[in-house]
Amino acid sequence: MHDLSAKDRLRRDLRAARAAHVGGLSDTGRRAAEQAVAEQIQDVVAAASCLGSYAPMGHEINPAAIEERGKGVIALPWFSNRASPMMFRNVTGALEPGPWGVMQPPSRAAPSRPDVLLVPLVGATPAGDRLGQGQGHFDRCISALRGEGPLTTIGLAWDCQMVEEVPTDTWDEMLDMIATPTRLYARA
Ligand SMILES: Nc1nc2c(c(=O)[nH]1)N(C=O)[C@@H](CNc1ccc(C(=O)N[C@@H](CCC(=O)O)C(=O)O)cc1)CN2
Ligand SMILES: Nc1ncnc2c1ncn2[C@@H]1O[C@H](COP(=O)(O)OP(=O)(O)OP(=O)(O)O)[C@@H](O)[C@H]1O
């Protein structure tokens with residue numbers, strides 16, 4: 001067992017490491033690294049009927065190069081308000097700011113169910129344990145999606161976000177794969 005602050009401390013340290021790493025990359029270097037991430041997972045992504053992605057914030061890996069390799073529809077997280085669960089809606093046109101300050105499809109966009117899901121993260125282990133932003137949106141959403149049918153979850157990480165261990169709780173959902181610019185970790 002652990003106290004909640006163990007997650008908070010690791011989040012703070014890994015966010016700092018991520019900022020330092022990304023801050024040291026040139027624009028070209030960052031784009032090349034994001035292309036390298038896309039190459040690690042291109043077969044899984046090309047096989048998706050509905051690719052769940054995310055609108056990147058700050059130092060997160062930009063999944064645009066991955067989205068370009070998708071052959072099905074692209075869906076993004078969508079929230080009605082700050083108290084509502086995270087859903088997915090298809091991208092068909094312009095995005096608008098959502099309740100969390102993240103760009104999302106408009107409410108008229110069709111709701112959808114990703115069968116391959118790109119997952120942002122703050123930290124992860126080779127075994128697939130994940131540390132997120134700390135609101136449980138992805139844990140709850142992944143749990144619901146897994147209850148509805150097949151789902152492949154792919155965490156996207158800079159190599160400096162990979163750690164030996166993260167504190168886990170009962171509600172934490174493991175990732176099936178984690179792609180970094182240099183490696184693909186897949187659950188046995
Ligand atoms: N790219 C990305 N999208 C994501 C997540 C994520 O981790 N990364 N989320 C993972 O759960 C959900 C959104 N979670 C969020 C949780 C908190 C804040 C937040 O604190 N925002 C500040 C500042 C926003 C702004 O700059 O305008 C705020 O609302 O005060 C944003 C998103 C869904 N979409
Ligand atoms: N399946 C669930 N059911 C109910 N509450 C949940 C569930 N999953 C997560 N939570 C709640 O979400 C909160 C944040 O959890 P945690 O710190 O593990 O988030 P995280 O995995 O780092 O972030 P996220 O999934 O938002 O990217 C916890 O307080 C927990 O109670």
# chains A, B, ... in the order shown; residues from 1 in each chain; ligands from 1

$ closest_atom_pairs --of "chain A" --to "ligand 2" --cutoff "8 Å" --atoms "only C-alpha atoms and all ligand atoms" --output "CSV"
residue,atom,partner,partner_atom_place_in_ligand_line,distance
A:Leu4,CA,ligand 2,17 (O),7.6
A:Lys7,CA,ligand 2,17 (O),6.7
A:Asp8,CA,ligand 2,17 (O),8.0
A:Pro120,CA,ligand 2,27 (O),7.2
A:Leu121,CA,ligand 2,27 (O),6.4
A:Val122,CA,ligand 2,22 (O),7.7
A:Arg130,CA,ligand 2,21 (O),6.4
A:Leu131,CA,ligand 2,22 (O),4.3
A:Gly132,CA,ligand 2,22 (O),3.2
A:Gln133,CA,ligand 2,23 (O),4.3
A:Gly134,CA,ligand 2,19 (O),3.5
A:Gln135,CA,ligand 2,26 (O),3.6
A:Gly136,CA,ligand 2,26 (O),3.3
A:His137,CA,ligand 2,26 (O),4.1
A:Phe138,CA,ligand 2,25 (O),3.8
A:Asp139,CA,ligand 2,25 (O),4.3
A:Arg140,CA,ligand 2,1 (N),4.1
A:Cys141,CA,ligand 2,1 (N),7.7
A:Ser143,CA,ligand 2,1 (N),6.3
A:Thr168,CA,ligand 2,18 (O),7.1
A:Asp169,CA,ligand 2,18 (O),6.4
A:Trp171,CA,ligand 2,8 (N),4.7
A:Asp172,CA,ligand 2,18 (O),5.6
A:Glu173,CA,ligand 2,21 (O),7.6

$ select_by_dssp --residues "region 57-97 of chain A" --states "helix (DSSP H, G or I)" --output "ChimeraX atom specification"
/A:64-67

$ residues_near_ligand --ligand "ligand 1" --cutoff "12 Å" --atoms "only C-alpha atoms and all ligand atoms" --output "ChimeraX atom specification"
/A:15,52-64,75-88,97-105,118-123,130-142,155-156

$ closest_residue --among "A:Ala144, A:Leu184, A:Ile66, A:Leu51" --to "Ala157 (chain A)" --atoms "only C-alpha atoms"
A:Leu184

$ atom_distance --atom1 "CA of Thr180 (chain A)" --atom2 "CA of Thr28 (chain A)"
16.8 Å

$ select_by_dssp --residues "chain A" --states "strand (DSSP E)" --output "PyMOL selection string"
chain A and resi 50-52+73-78+87-90+96-97+103-104+116-119+123-124+130-131+152-156+177-179+184-186

$ residues_around --residues "Ala38 (chain A)" --least-positions-apart "2" --cutoff "8 Å" --atoms "only C-alpha atoms" --output "VMD selection string"
chain A and resid 34 to 36 40 to 42 63 65 to 66 69

$ atom_distance --atom1 "CA of Ala20 (chain A)" --atom2 "CA of Gln161 (chain A)"
11.5 Å

$ residues_around --residues "Thr125 (chain A)" --least-positions-apart "5" --cutoff "8 Å" --atoms "only C-alpha atoms" --output "list in words"
Arg130, Met162, Val163, Glu164, Glu165 and Val166 of chain A

$ residues_around --residues "Ala188 (chain A)" --least-positions-apart "2" --cutoff "10 Å" --atoms "only C-alpha atoms" --output "list in words"
Ala127, Asp176, Met177, Tyr185 and Ala186 of chain A

$ write_last_selection --atoms "N, CA and C atoms" --output "compact mmCIF listing (two decimals), in the first residue's frame"
# COMPACT_ATOMS: atom_id res chain seq x y z
N ALA A 127 5.91 -3.06 -17.85
CA ALA A 127 4.82 -4.03 -17.70
C ALA A 127 3.46 -3.44 -18.08
N ASP A 176 -1.91 -2.02 -22.82
CA ASP A 176 -1.51 -3.19 -23.59
C ASP A 176 -0.14 -2.98 -24.22
N MET A 177 0.13 -1.76 -24.65
CA MET A 177 1.40 -1.44 -25.31
C MET A 177 1.83 -0.04 -24.88
N TYR A 185 6.99 -1.41 -26.05
CA TYR A 185 6.79 -2.36 -24.96
C TYR A 185 5.41 -2.98 -25.17
N ALA A 186 5.33 -4.29 -25.23
CA ALA A 186 4.03 -4.94 -25.42
C ALA A 186 3.81 -5.95 -24.31

$ atom_distance --atom1 "CA of Val116 (chain A)" --atom2 "CA of Ala48 (chain A)"
5.7 Å

$ closest_residue --among "A:Ala179, A:Met174, A:Val91, A:Ala33" --to "Arg108 (chain A)" --atoms "only C-alpha atoms"
A:Val91
